[in-house]
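Novice: Coordinates in upload27.cif, mmCIF, N, CA and C atoms and all ligand atoms, are listed below.
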data_work
#
loop_
_atom_site.label_atom_id
_atom_site.label_comp_id
_atom_site.auth_asym_id
_atom_site.auth_seq_id
_atom_site.Cartn_x
_atom_site.Cartn_y
_atom_site.Cartn_z
N MET A 186 239.44 136.66 30.43
CA MET A 186 238.91 136.17 31.69
C MET A 186 239.95 136.37 32.79
N LYS A 187 239.48 136.82 33.95
CA LYS A 187 240.38 137.04 35.08
C LYS A 187 240.02 136.09 36.22
N ILE A 188 240.99 135.85 37.09
CA ILE A 188 240.79 134.97 38.23
C ILE A 188 240.67 135.82 39.49
N LYS A 189 239.64 135.54 40.27
CA LYS A 189 239.51 136.24 41.55
C LYS A 189 239.45 135.18 42.66
N ILE A 190 240.29 135.34 43.65
CA ILE A 190 240.32 134.40 44.77
C ILE A 190 239.86 135.13 46.02
N ASP A 191 238.84 134.57 46.66
CA ASP A 191 238.32 135.16 47.89
C ASP A 191 239.18 134.66 49.06
N GLU A 192 240.02 135.53 49.56
CA GLU A 192 240.95 135.11 50.61
C GLU A 192 240.25 134.81 51.94
N ARG A 193 239.03 135.30 52.08
CA ARG A 193 238.29 134.97 53.30
C ARG A 193 237.81 133.53 53.27
N ARG A 194 237.65 133.00 52.06
CA ARG A 194 237.19 131.61 51.94
C ARG A 194 238.34 130.63 51.79
N CYS A 195 239.39 131.04 51.09
CA CYS A 195 240.49 130.12 50.79
C CYS A 195 241.10 129.57 52.07
N GLN A 196 241.25 128.25 52.11
CA GLN A 196 241.85 127.59 53.27
C GLN A 196 243.21 126.99 52.93
N GLY A 197 243.70 127.28 51.72
CA GLY A 197 245.04 126.82 51.34
C GLY A 197 245.16 125.33 51.08
N PHE A 198 244.06 124.68 50.72
CA PHE A 198 244.12 123.23 50.46
C PHE A 198 244.99 122.92 49.25
N GLY A 199 245.05 123.85 48.31
CA GLY A 199 245.94 123.66 47.16
C GLY A 199 245.36 122.85 46.03
N MET A 200 244.09 122.53 46.09
CA MET A 200 243.49 121.75 44.98
C MET A 200 243.58 122.52 43.67
N CYS A 201 243.44 123.83 43.75
CA CYS A 201 243.52 124.65 42.53
C CYS A 201 244.90 124.52 41.89
N ALA A 202 245.94 124.56 42.70
CA ALA A 202 247.31 124.48 42.18
C ALA A 202 247.61 123.09 41.64
N LEU A 203 247.00 122.06 42.24
CA LEU A 203 247.19 120.71 41.71
C LEU A 203 246.46 120.54 40.39
N THR A 204 245.29 121.15 40.30
CA THR A 204 244.46 121.01 39.11
C THR A 204 244.98 121.86 37.95
N ALA A 205 245.43 123.06 38.25
CA ALA A 205 245.89 123.98 37.21
C ALA A 205 247.18 124.67 37.67
N PRO A 206 248.29 123.93 37.63
CA PRO A 206 249.56 124.48 38.17
C PRO A 206 250.09 125.69 37.39
N ASP A 207 249.61 125.87 36.17
CA ASP A 207 250.05 127.05 35.41
C ASP A 207 249.28 128.31 35.82
N LEU A 208 248.20 128.12 36.55
CA LEU A 208 247.33 129.26 36.88
C LEU A 208 247.34 129.64 38.36
N PHE A 209 247.65 128.67 39.22
CA PHE A 209 247.56 128.93 40.66
C PHE A 209 248.79 128.38 41.38
N LYS A 210 249.12 129.06 42.47
CA LYS A 210 250.04 128.44 43.42
C LYS A 210 249.59 128.86 44.82
N VAL A 211 250.01 128.09 45.79
CA VAL A 211 249.69 128.45 47.16
C VAL A 211 250.88 129.22 47.72
N GLY A 212 250.60 130.41 48.19
CA GLY A 212 251.65 131.29 48.66
C GLY A 212 252.44 130.68 49.81
N GLU A 213 253.76 130.76 49.71
CA GLU A 213 254.59 130.15 50.74
C GLU A 213 254.49 130.91 52.07
N LYS A 214 254.25 132.20 51.97
CA LYS A 214 254.22 132.99 53.21
C LYS A 214 252.90 132.86 53.94
N ASP A 215 251.80 133.13 53.22
CA ASP A 215 250.52 133.19 53.93
C ASP A 215 249.68 131.93 53.77
N GLY A 216 250.06 131.04 52.85
CA GLY A 216 249.32 129.79 52.71
C GLY A 216 248.04 129.89 51.92
N TYR A 217 247.79 131.04 51.32
CA TYR A 217 246.59 131.20 50.50
C TYR A 217 246.95 131.11 49.03
N ALA A 218 245.95 130.77 48.24
CA ALA A 218 246.18 130.64 46.80
C ALA A 218 246.36 132.02 46.17
N VAL A 219 247.23 132.04 45.16
CA VAL A 219 247.38 133.25 44.34
C VAL A 219 247.29 132.84 42.88
N ALA A 220 246.78 133.76 42.06
CA ALA A 220 246.72 133.52 40.63
C ALA A 220 248.08 133.87 40.03
N LEU A 221 248.53 133.06 39.09
CA LEU A 221 249.83 133.29 38.47
C LEU A 221 249.72 134.12 37.20
N VAL A 222 248.52 134.36 36.74
CA VAL A 222 248.34 135.16 35.52
C VAL A 222 247.32 136.26 35.81
N SER A 223 247.48 137.39 35.16
CA SER A 223 246.49 138.45 35.32
C SER A 223 245.32 138.23 34.37
N GLU A 224 245.57 137.53 33.29
CA GLU A 224 244.53 137.25 32.30
C GLU A 224 244.65 135.79 31.89
N VAL A 225 243.52 135.07 31.91
CA VAL A 225 243.53 133.65 31.50
C VAL A 225 243.45 133.58 29.98
N ALA A 226 244.42 132.93 29.37
CA ALA A 226 244.41 132.77 27.92
C ALA A 226 243.29 131.80 27.52
N PRO A 227 242.77 131.95 26.31
CA PRO A 227 241.66 131.07 25.89
C PRO A 227 241.99 129.58 26.06
N GLU A 228 243.23 129.21 25.77
CA GLU A 228 243.58 127.79 25.89
C GLU A 228 243.71 127.34 27.35
N GLN A 229 243.68 128.28 28.29
CA GLN A 229 243.75 127.93 29.71
C GLN A 229 242.37 127.94 30.38
N ALA A 230 241.35 128.30 29.62
CA ALA A 230 240.02 128.48 30.21
C ALA A 230 239.48 127.19 30.81
N GLU A 231 239.72 126.08 30.12
CA GLU A 231 239.21 124.80 30.62
C GLU A 231 239.87 124.46 31.95
N ALA A 232 241.18 124.67 32.04
CA ALA A 232 241.90 124.39 33.28
C ALA A 232 241.41 125.32 34.39
N ALA A 233 241.13 126.56 34.05
CA ALA A 233 240.63 127.50 35.06
C ALA A 233 239.28 127.06 35.60
N ARG A 234 238.42 126.58 34.71
CA ARG A 234 237.10 126.11 35.16
C ARG A 234 237.24 124.86 36.01
N ALA A 235 238.15 123.99 35.65
CA ALA A 235 238.39 122.77 36.44
C ALA A 235 238.87 123.15 37.84
N ALA A 236 239.70 124.19 37.93
CA ALA A 236 240.18 124.64 39.23
C ALA A 236 239.04 125.19 40.08
N VAL A 237 238.14 125.92 39.45
CA VAL A 237 236.96 126.43 40.18
C VAL A 237 236.19 125.26 40.78
N GLU A 238 235.99 124.22 39.98
CA GLU A 238 235.25 123.04 40.44
C GLU A 238 236.00 122.30 41.54
N SER A 239 237.33 122.36 41.50
CA SER A 239 238.14 121.60 42.46
C SER A 239 238.17 122.24 43.84
N CYS A 240 237.88 123.51 43.91
CA CYS A 240 238.04 124.23 45.18
C CYS A 240 236.93 123.86 46.16
N PRO A 241 237.27 123.22 47.26
CA PRO A 241 236.24 122.81 48.21
C PRO A 241 235.59 123.98 48.93
N MET A 242 236.23 125.14 48.91
CA MET A 242 235.69 126.31 49.60
C MET A 242 234.95 127.25 48.65
N ARG A 243 234.89 126.90 47.37
CA ARG A 243 234.25 127.76 46.38
C ARG A 243 234.82 129.18 46.46
N ALA A 244 236.16 129.24 46.54
CA ALA A 244 236.82 130.54 46.73
C ALA A 244 237.27 131.18 45.42
N ILE A 245 237.13 130.44 44.31
CA ILE A 245 237.63 130.97 43.04
C ILE A 245 236.47 131.41 42.16
N GLU A 246 236.62 132.60 41.63
CA GLU A 246 235.62 133.13 40.72
C GLU A 246 236.33 133.52 39.42
N LEU A 247 235.68 133.25 38.31
CA LEU A 247 236.22 133.67 37.01
C LEU A 247 235.39 134.83 36.52
N ILE A 248 236.06 135.90 36.15
CA ILE A 248 235.35 137.10 35.72
C ILE A 248 235.59 137.26 34.22
N GLU A 249 234.51 137.18 33.46
CA GLU A 249 234.60 137.27 31.99
C GLU A 249 234.87 138.71 31.57
S1 LIG A 301 241.51 125.08 46.16
FE1 LIG A 301 240.38 126.86 46.96
S2 LIG A 301 240.72 126.78 49.16
FE2 LIG A 301 242.27 125.52 48.19
S3 LIG A 301 244.05 126.86 47.88
FE3 LIG A 301 242.83 126.89 46.00
S4 LIG A 301 241.47 128.66 46.26
FE4 LIG A 301 242.26 128.13 48.27
#
Please express what this file holds, its structure, as structure tokens.

Specialist:
Amino acid sequence: MKIKIDERRCQGFGMCALTAPDLFKVGEKDGYAVALVSEVAPEQAEAARAAVESCPMRAIELIE
């Protein structure tokens, strides 16, 4: 599973990074979220889904 972040939607609230700090961080330069992994490990899938739910802008998509 891969993480896709829509930068046009992301407002840098950081809920994703709070929810799944191993998978997301908010970029210090541009203030938008970035994925920390190119591939989500099976044991990280639940955290990735929780991050999707946490995003108020619905900017995160998981691609199977
Ligand atoms: S929670 Fe959504 S809007 Fe906020 S930083 Fe993460 S991807 Fe961006």

Novice: Enter the distance from CA of Lys187 (chain A) to CA of Lys214 (chain A), in Å, rounded to one decimal.

Specialist: 23.2 Å

Novice: Can you check which parts of chain A lie within 6 Å of ligand LIG 301 (chain A)? Per residue, the shortest pair of atoms and distance in Å to one decimal, counting only N, CA and C atoms and all ligand atoms, sorted by chain and number, as a Markdown table.

Specialist:
| residue | atom | partner | partner_atom | distance |
| --- | --- | --- | --- | --- |
| A:Arg194 | C | A:LIG301 | S2 | 5.2 |
| A:Cys195 | CA | A:LIG301 | FE4 | 3.7 |
| A:Gln196 | N | A:LIG301 | S2 | 3.3 |
| A:Gly197 | CA | A:LIG301 | S3 | 3.6 |
| A:Phe198 | N | A:LIG301 | FE2 | 3.2 |
| A:Gly199 | N | A:LIG301 | S3 | 3.2 |
| A:Met200 | N | A:LIG301 | S1 | 3.6 |
| A:Cys201 | N | A:LIG301 | S1 | 3.3 |
| A:Ala202 | N | A:LIG301 | FE3 | 5.1 |
| A:Val211 | CA | A:LIG301 | S3 | 5.9 |
| A:Tyr217 | C | A:LIG301 | S3 | 5.3 |
| A:Ala218 | N | A:LIG301 | S3 | 4.4 |
| A:Ser239 | C | A:LIG301 | S1 | 5.0 |
| A:Cys240 | CA | A:LIG301 | S1 | 3.7 |
| A:Pro241 | N | A:LIG301 | S1 | 4.8 |
| A:Met242 | N | A:LIG301 | S2 | 4.8 |
| A:Arg243 | N | A:LIG301 | FE1 | 5.5 |
| A:Ala244 | N | A:LIG301 | FE1 | 4.9 |
| A:Ile245 | N | A:LIG301 | S4 | 5.1 |

Novice: What does the distance from CA of Leu203 (chain A) to CA of Val225 (chain A) come to in Å, to one decimal?

Specialist: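 Atom-to-atom, CA of Leu203 (chain A) to CA of Val225 (chain A), that is 16.9 Å.
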
Novice: Mind checking DSSP for region 198-233 of chain A and telling me the helix (DSSP H, G or I) residues as a PyMOL selection string?

Specialist: chain A and resi 200-204+227-233

Novice: Using Å and a single decimal, report how far CA of Thr204 (chain A) sits from CA of Glu224 (chain A).

Specialist: 17.6 Å

Novice: From chain A, collect each residue whose DSSP state is strand (DSSP E) and return the set as a ChimeraX atom specification.

Specialist: /A:187-190,209-211,218-220,245-248

Novice: Calculate, to one decimal in Å, the centre and edge lengths of the box along x, y and z of the file that holds all listed atoms of region 194-205 of chain A with 4 Å of margin on each side, and present them as JSON.

Specialist:
{"center_x": 242.4, "center_y": 126.8, "center_z": 45.2, "size_x": 18.4, "size_y": 20.5, "size_z": 24.1}

Novice: Tell me which protein, DNA and RNA residues are within 8 Å of Val222 (chain A), counting all atoms listed in the file, leaving out same-chain ones fewer than 2 positions away, and put them as a ChimeraX atom specification.

Specialist: /A:186-188,207-210,219-220,224-226

Novice: Pick from A:Ile248, A:Glu213, A:Ser223, A:Ala205: nearest to Ala236 (chain A), with only N, CA and C atoms counted?

Specialist: A:Ala205
